[in-house]
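Trainee: This is the structure I want to talk about, given as structure tokens.
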Amino acid sequence: MSSILEVTNLKKYFPVEKSFLDKLFTSQKSYVHAVDDISFSMNRGDILGIVGESGSGKSTTARLCLKLVEPSSGSIVFDGMDVAKLGGEEIRRFRRNMQLIFQDPTASLSPRIKVGDAIRHALSFQGVSTPSEQTERTRAILERVGLKPWSNFYNRYPHQLSGGQRQRVVIARALVLNPKFVVADEPIAMVDVSVRAQILELMLELKKEFDLTYLFITHDLAMANYVCRSIAIMYLGKILETGPKEEVFSRPLHPYTLALLSSIPVPDPKAKLERIIPKGEIPSPINPPKGCRFHPRCPYAQAVCSEREPQLEETEPSHMVACFFPRT
Amino acid sequence: MTQDETRGRIIVQLLPRIVSLRKRGLAGWITIIGLAMVIAVVLMTLAAPWISPHDPNEISIGPVLAPPSWSFPLGTNHMGQDMLSRLIWGGSTMLQVAVFSVIVCLVVGVPVGLLSSFAGGLVDKSSSLVMDSIYAFPGLVLAIAISAMLGPGAVNMALSIAVVYVPSYYRIVRSQVLTIKELPYVEAARMIGAPGRSTLLRYILPNILPSIVAVATVNFADAILTAAGLTFVGLGLPISTPDWGWDLTYGRRLLPSGAWWVIAFPGLMIVILALGFALAGEGLSELLNPKLEQ
Amino acid sequence: MNSGESLPLLDIESLVVEYHTLRAVVKAVDRVSLSVEKGETLGLVGESGCGKSTLGLSAVRLVPSPGRITSGSVTLDKTDIVNCSEGEIRRVRGKRVGYIFQDPMTSLNPVKNVGAHFVEMIRTHDPQISREDALRRAQDVLAHLGILPDRLLDFPHQFSGGMRQRVMIGLALALNPELIIADEPTTSLDVIVEAQIIELLKELKERLKLTLVLITHNIGIVAETADRVAVMYAGRLSELGETDGLFAKPMHPYTQALLKSVPNITKKDQVLSWIPGTPPDLAEPPPGCLFHPRCPCAFDRCRNEEPQLLKHDDTEVACHLYDRR
């Protein structure tokens, strides 16, 4: 199994706009610690789900991998190539290998471009084959994502399609270039409940057919459980736990993972819910807590948790957790 | 094609242009009323060669300073010229000046706005500075200053008006681009490898066109008023052209002697034309901003 | 279900709400009848466009134009919501019915602090109350919700998402309303905060004996908090019954399919299914049952005749499969 993505000590700090008075009197800059020293790797064919709430840094991580955002420090090696070294034109060509499926199917399609053209643009911008071949490939991918017959959809505008259909167009656009690696940012969050599984199944079929590797970004643990093979839990810019899905979701080690799992509403009125709800809310990523980021809210926190930051350690095979007192 | 043929063609194309705007609610009605006013005036001007009873320039076609009567429904001015004919012909130059200035504004303001806000950084900051400085001047004052520098003539008048109003276009385009630049579909264009030029022209520009149309329409109103103002102060058209602006000038001087009709009717036409454009523009900007309804 | 002895607090009878758009007249709510008893929690579920939000808004006559209630009735404990006067309906909103909107950020006025929101609300309904008394009432309410009194001076943007939603809940509760309608109260919130709010609602329901209509597309929340569930599809009510019964034995094919498409993390090796096709275009609805084009059990009658909502044991269901007439 070959490694397709190696992320090492990745950091992204966004400078915070200060008010005029603050700029005058303090020279200290403050930063949003969006991604704060994370490392993980993916092999070809993996389906990794990065799970977290708002402020966890999961979306920023995705955008760093796609080179939509430049890292503050750390390295991203994609298919053996150091992504940081890529310059202008190289980045454009690099995009053929990695694509993004967006969260909002309506906002990620220009309202004034026909759906078929939106897909075909990917081919024409990358200078792939001839115009007639581009049209052929676009038609083929439209049908492959379930928008059959293509003639019913090619010349439509996004607002003429349903939410689920739009998301298929977004998927088609991402895949028409045959990328090796696809990042899916909350791909079904804005799709109707009764159609979500269909989109997920489509993505899994396409994975087999095109030999894809997926990186899912989501806050929906149930979805991650359904479709991902391995999970990484992020909180305030850090990875707290990672491992195979079965491990992380059935034998969670980190108190935060436990809290997340117990918080999910279960569609079964008879289910007994033992909720472990941490107190308070997610602190601001501008001034994250010292030591373990989760300690102020953790029901099991002890003195050491506020002094030192736990590192990711393997407690069980492939199952890593960053906690001084994992819940074994 | 002679001028008359051109006019004829424009009439034929303008007439069936009433879109089923009445179904679009209040905004639709406002747009219809505005467009109706504008179209009425434009048609009148275009049809001038056929409907004007007399030659507007002919002196002493009637008694001097005669009040409205059956033979001269809008009266005559101090040179014995028929006011009705002058009214019908008078809008022509003004409209052409307005159209020309709007075209110049579009050709200059929109591309500069697009490029500067897309590029960002120093380019954006410096062009904003220039545009804001121009914008800070009261329109008519600036137009007078530029017009005085350029000299008389319809083209120069159009240019000076254009200079005054380019910043409006620039600002609208810029604010729209800054918003749209952050939208997911622009990020998506980047993801599929769109070069900057394509992103701007194919993803951003089509989505700001509605705002440009709205600005241009309201801007017509401003251009009309400024054109009238320029002629009023004597900077602009040669005196031999029948023009509402000139009639305003004479009319003002003749007012003390009781000849209200010389200033009133041209003034009214200017108001109708400007108001028509303003209403149409307001209505259009309401309609073209898609409001998400079920 | 309805014990028949006491009148329901909220009684909706054959309600029709139409939107008059350019293209056509769209029936966002099509002859929906349901009732809510005092003290119960009714979950109103459905996907986007099914009309559940519109139904909630009609209970306080806040359907935005071009929508209009065109027929049917809404009765809140003897008050005719549809036909009462402006003054009457203003007394209903806030005082008799508390509304929790989906997005707390846009529902709160950014230039007013939280205390001012409460004062304005309380004093609109009772001008006699002094500002101090109104603020004290606000402090009481917010204390129940875990918000400290000194936060009354803060502005909406100074609160986090979950706290803002608590403020919204507080505003809804401030005047001790008879009924609370919550429209997607947790949709914009993070997982853990969502759980906090659900636990809070459950606790308030117990303590204050709230009557609650919970409008959401999240089946999980409904399973946890609702006593009865009403399922809407394309503006019509397809099934209405007790929560336990509906989840254990869903009757309407739509309900069955919907429940099978929701992931349950406690179930190992779950196979999710979905509903093929798309919801109908309400501007040009299909004849007969609106769900028939996507229904695995559809037969001839479904294509021609609209099913009526009929009682079947303890559940009401609108499906020809159960209509032996």
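Simple scheme: letters A, B, ... for chains in structure tokens order, numbers from 1 for residues in each chain, numbers from 1 for ligands in the order shown.
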As an mmCIF file with N, CA and C atoms, in the first residue's frame, please: the residues near stretch 140-142 of chain A (cut-off 6 Å, only C-alpha atoms, same-chain neighbours under 5 positions excluded).
Mentor:
data_model
loop_
_atom_site.group_PDB
_atom_site.id
_atom_site.type_symbol
_atom_site.label_atom_id
_atom_site.label_comp_id
_atom_site.auth_asym_id
_atom_site.auth_seq_id
_atom_site.Cartn_x
_atom_site.Cartn_y
_atom_site.Cartn_z
ATOM 1 N N LEU A 147 -27.183 11.217 -13.570
ATOM 2 C CA LEU A 147 -28.022 12.223 -14.230
ATOM 3 C C LEU A 147 -28.237 11.763 -15.668
ATOM 4 N N TRP A 150 -28.082 12.366 -20.247
ATOM 5 C CA TRP A 150 -27.320 13.601 -20.104
ATOM 6 C C TRP A 150 -28.036 14.761 -20.763
ATOM 7 N N ALA A 172 -19.578 15.221 -10.144
ATOM 8 C CA ALA A 172 -19.139 14.992 -11.524
ATOM 9 C C ALA A 172 -17.996 15.930 -11.881
#
Trainee: Tell me, as a VMD selection string, which residues lie within 12 Å of B:Arg253, counting only C-alpha atoms; anything in the same chain fewer than 6 positions away does not count.
Mentor: chain B and resid 77 to 78 232 246 to 247 259 to 260 262 to 263
Trainee: Got a sec to pull out which chain A residues are within 10 Å of chain C, counting only C-alpha atoms, and send them as a VMD selection string?
Mentor: chain A and resid 52 to 54 161 to 165 190 to 201 219 to 226 246 249 to 250 256 259 to 273 275 to 284
Trainee: Could the residues in this selection be saved with C-alpha atoms as a PDB file, in the first residue's frame?
Mentor:
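The resulting file, part-v3.pdb, is shown below:
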ATOM      1  CA  GLY A  52     -14.841  17.740  14.505  1.00  0.00           C
ATOM      2  CA  GLU A  53     -17.100  20.574  15.527  1.00  0.00           C
ATOM      3  CA  SER A  54     -16.768  24.212  14.533  1.00  0.00           C
ATOM      4  CA  LEU A 161     -32.119  21.043 -10.560  1.00  0.00           C
ATOM      5  CA  SER A 162     -32.926  19.637  -7.142  1.00  0.00           C
ATOM      6  CA  GLY A 163     -30.414  19.807  -4.289  1.00  0.00           C
ATOM      7  CA  GLY A 164     -29.422  16.187  -4.714  1.00  0.00           C
ATOM      8  CA  GLN A 165     -28.965  16.620  -8.449  1.00  0.00           C
ATOM      9  CA  MET A 190     -27.090  20.180   2.644  1.00  0.00           C
ATOM     10  CA  VAL A 191     -28.803  17.348   0.832  1.00  0.00           C
ATOM     11  CA  ASP A 192     -32.213  15.993   1.855  1.00  0.00           C
ATOM     12  CA  VAL A 193     -32.169  13.215   4.415  1.00  0.00           C
ATOM     13  CA  SER A 194     -33.867  10.659   2.185  1.00  0.00           C
ATOM     14  CA  VAL A 195     -31.337  11.125  -0.578  1.00  0.00           C
ATOM     15  CA  ARG A 196     -28.127  11.258   1.459  1.00  0.00           C
ATOM     16  CA  ALA A 197     -27.435   7.552   1.411  1.00  0.00           C
ATOM     17  CA  GLN A 198     -27.783   7.576  -2.358  1.00  0.00           C
ATOM     18  CA  ILE A 199     -25.066  10.185  -2.716  1.00  0.00           C
ATOM     19  CA  LEU A 200     -22.824   8.287  -0.323  1.00  0.00           C
ATOM     20  CA  GLU A 201     -23.356   5.040  -2.201  1.00  0.00           C
ATOM     21  CA  HIS A 219     -19.246  16.904  11.931  1.00  0.00           C
ATOM     22  CA  ASP A 220     -21.741  14.100  11.295  1.00  0.00           C
ATOM     23  CA  LEU A 221     -20.424  11.106  13.204  1.00  0.00           C
ATOM     24  CA  ALA A 222     -23.161   8.825  11.956  1.00  0.00           C
ATOM     25  CA  MET A 223     -22.194   9.589   8.378  1.00  0.00           C
ATOM     26  CA  ALA A 224     -18.523   9.116   9.146  1.00  0.00           C
ATOM     27  CA  ASN A 225     -19.330   5.791  10.747  1.00  0.00           C
ATOM     28  CA  TYR A 226     -21.212   4.688   7.672  1.00  0.00           C
ATOM     29  CA  GLU A 246     -14.528   0.286  14.442  1.00  0.00           C
ATOM     30  CA  PHE A 249     -16.458   4.473  17.518  1.00  0.00           C
ATOM     31  CA  SER A 250     -16.892   1.286  19.533  1.00  0.00           C
ATOM     32  CA  TYR A 256     -14.048  14.195  23.894  1.00  0.00           C
ATOM     33  CA  ALA A 259     -18.791  13.050  24.623  1.00  0.00           C
ATOM     34  CA  LEU A 260     -19.334  13.342  20.885  1.00  0.00           C
ATOM     35  CA  LEU A 261     -20.613   9.825  20.560  1.00  0.00           C
ATOM     36  CA  SER A 262     -22.988  10.169  23.456  1.00  0.00           C
ATOM     37  CA  SER A 263     -24.356  13.446  22.099  1.00  0.00           C
ATOM     38  CA  ILE A 264     -25.615  12.174  18.789  1.00  0.00           C
ATOM     39  CA  PRO A 265     -29.399  11.976  18.667  1.00  0.00           C
ATOM     40  CA  VAL A 266     -30.388   8.391  17.969  1.00  0.00           C
ATOM     41  CA  PRO A 267     -33.422   7.750  15.768  1.00  0.00           C
ATOM     42  CA  ASP A 268     -34.845   5.207  18.187  1.00  0.00           C
ATOM     43  CA  PRO A 269     -37.161   6.318  20.971  1.00  0.00           C
ATOM     44  CA  LYS A 270     -36.342   3.231  22.989  1.00  0.00           C
ATOM     45  CA  ALA A 271     -32.602   3.827  22.990  1.00  0.00           C
ATOM     46  CA  LYS A 272     -31.175   4.574  26.400  1.00  0.00           C
ATOM     47  CA  LEU A 273     -28.992   7.600  26.187  1.00  0.00           C
ATOM     48  CA  ARG A 275     -25.074  11.472  27.860  1.00  0.00           C
ATOM     49  CA  ILE A 276     -21.665  12.649  28.872  1.00  0.00           C
ATOM     50  CA  ILE A 277     -21.986  16.281  28.088  1.00  0.00           C
ATOM     51  CA  PRO A 278     -18.919  18.366  28.780  1.00  0.00           C
ATOM     52  CA  LYS A 279     -19.715  21.638  30.429  1.00  0.00           C
ATOM     53  CA  GLY A 280     -19.401  24.934  28.630  1.00  0.00           C
ATOM     54  CA  GLU A 281     -18.698  25.491  24.988  1.00  0.00           C
ATOM     55  CA  ILE A 282     -15.783  25.345  22.627  1.00  0.00           C
ATOM     56  CA  PRO A 283     -13.319  28.059  23.610  1.00  0.00           C
ATOM     57  CA  SER A 284     -12.016  30.538  21.095  1.00  0.00           C
TER      58      SER A 284
END
Trainee: May I have the residues of chain A within 12 Å of chain B, counting only C-alpha atoms, written as a VMD selection string?
Mentor: chain A and resid 63 66 to 69 88 to 114 117 to 128 158 to 159 170 to 179 182 to 183 185
Trainee: Can you list every residue in stretch 61-197 of chain C that DSSP puts in strand (DSSP E or B), as a list in words?
Mentor: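 Taking stretch 61-197 of chain C and keeping strand (DSSP E or B) only, one gets Gly67, Arg68, Ile69, Thr70, Ser71, Gly72, Ser73, Val74, Thr75, Leu76, Thr79, Asp80, Val97, Gly98, Tyr99, Ile100, Leu179, Ile180, Ile181, Ala182 and Asp183 of chain C.
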Trainee: Show me which bits of chain C are within 10 Å of chain B, counting only C-alpha atoms, as a short mmCIF file (atom, residue, chain, number, x, y, z; two decimals) with N, CA and C atoms, in the first residue's frame.
Mentor:
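Full text of part_17.cif as output:
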data_model
loop_
_atom_site.label_atom_id
_atom_site.label_comp_id
_atom_site.auth_asym_id
_atom_site.auth_seq_id
_atom_site.Cartn_x
_atom_site.Cartn_y
_atom_site.Cartn_z
N TYR C 19 -48.88 29.81 -1.78
CA TYR C 19 -47.95 30.85 -2.21
C TYR C 19 -48.28 31.19 -3.65
N THR C 21 -47.00 32.51 -6.69
CA THR C 21 -45.77 32.91 -7.34
C THR C 21 -46.04 33.21 -8.81
N LEU C 22 -44.95 33.61 -9.50
CA LEU C 22 -45.08 33.92 -10.93
C LEU C 22 -45.66 32.76 -11.71
N ARG C 23 -45.10 31.59 -11.41
CA ARG C 23 -45.44 30.45 -12.27
C ARG C 23 -46.82 29.92 -11.96
N VAL C 26 -48.79 27.67 -5.43
CA VAL C 26 -48.17 26.50 -4.81
C VAL C 26 -48.81 26.27 -3.45
N ALA C 28 -48.30 25.17 -0.20
CA ALA C 28 -47.24 24.77 0.73
C ALA C 28 -47.80 23.89 1.83
N GLY C 49 -38.94 21.73 2.06
CA GLY C 49 -40.04 21.96 1.14
C GLY C 49 -41.32 21.22 1.47
N PRO C 64 -45.00 34.47 5.47
CA PRO C 64 -44.54 35.63 4.71
C PRO C 64 -45.23 35.69 3.35
N SER C 65 -45.49 36.90 2.88
CA SER C 65 -46.08 37.02 1.55
C SER C 65 -45.04 36.61 0.54
N PRO C 66 -45.39 36.04 -0.62
CA PRO C 66 -46.74 35.92 -1.16
C PRO C 66 -47.53 34.73 -0.66
N GLY C 67 -47.23 34.27 0.55
CA GLY C 67 -48.00 33.16 1.10
C GLY C 67 -49.23 33.67 1.82
N LEU C 282 -44.24 21.43 -6.60
CA LEU C 282 -45.55 21.78 -6.09
C LEU C 282 -46.32 22.72 -7.02
#
Trainee: Out of A:Thr130, A:Thr213, A:Ser306, A:Thr218, which residue has the shortest atom-to-atom distance to A:Ser56 when counting only C-alpha atoms?
Mentor: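 The answer is A:Thr218, which sits nearest to A:Ser56.
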Trainee: Using only C-alpha atoms, can you tell me which of C:Ile89, C:Leu152, C:Val16, C:Leu204 comes closest to C:Arg236?
Mentor: C:Val16
Trainee: Calculated over only C-alpha atoms, which of the candidates B:Met131, B:Ile212, B:Val123, B:Leu225 has the smallest distance to B:Pro266?
Mentor: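 Counting only C-alpha atoms, the residue closest to B:Pro266 is B:Leu225.
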Trainee: Run DSSP on the backbone and tell me which residues of stretch 46-267 of chain C come out as helix (DSSP H, G or I); list them as number ranges by chain.
Mentor: C: 52-58, 86-96, 104-107, 114-125, 131-144, 149-153, 156-158, 161-173, 191-208, 219-225, 243-248, 253-260
Trainee: Could you tell me how far atom CA of C:Leu76 lies from atom CA of C:Asp11, in Å and to one decimal?
Mentor: 6.5 Å
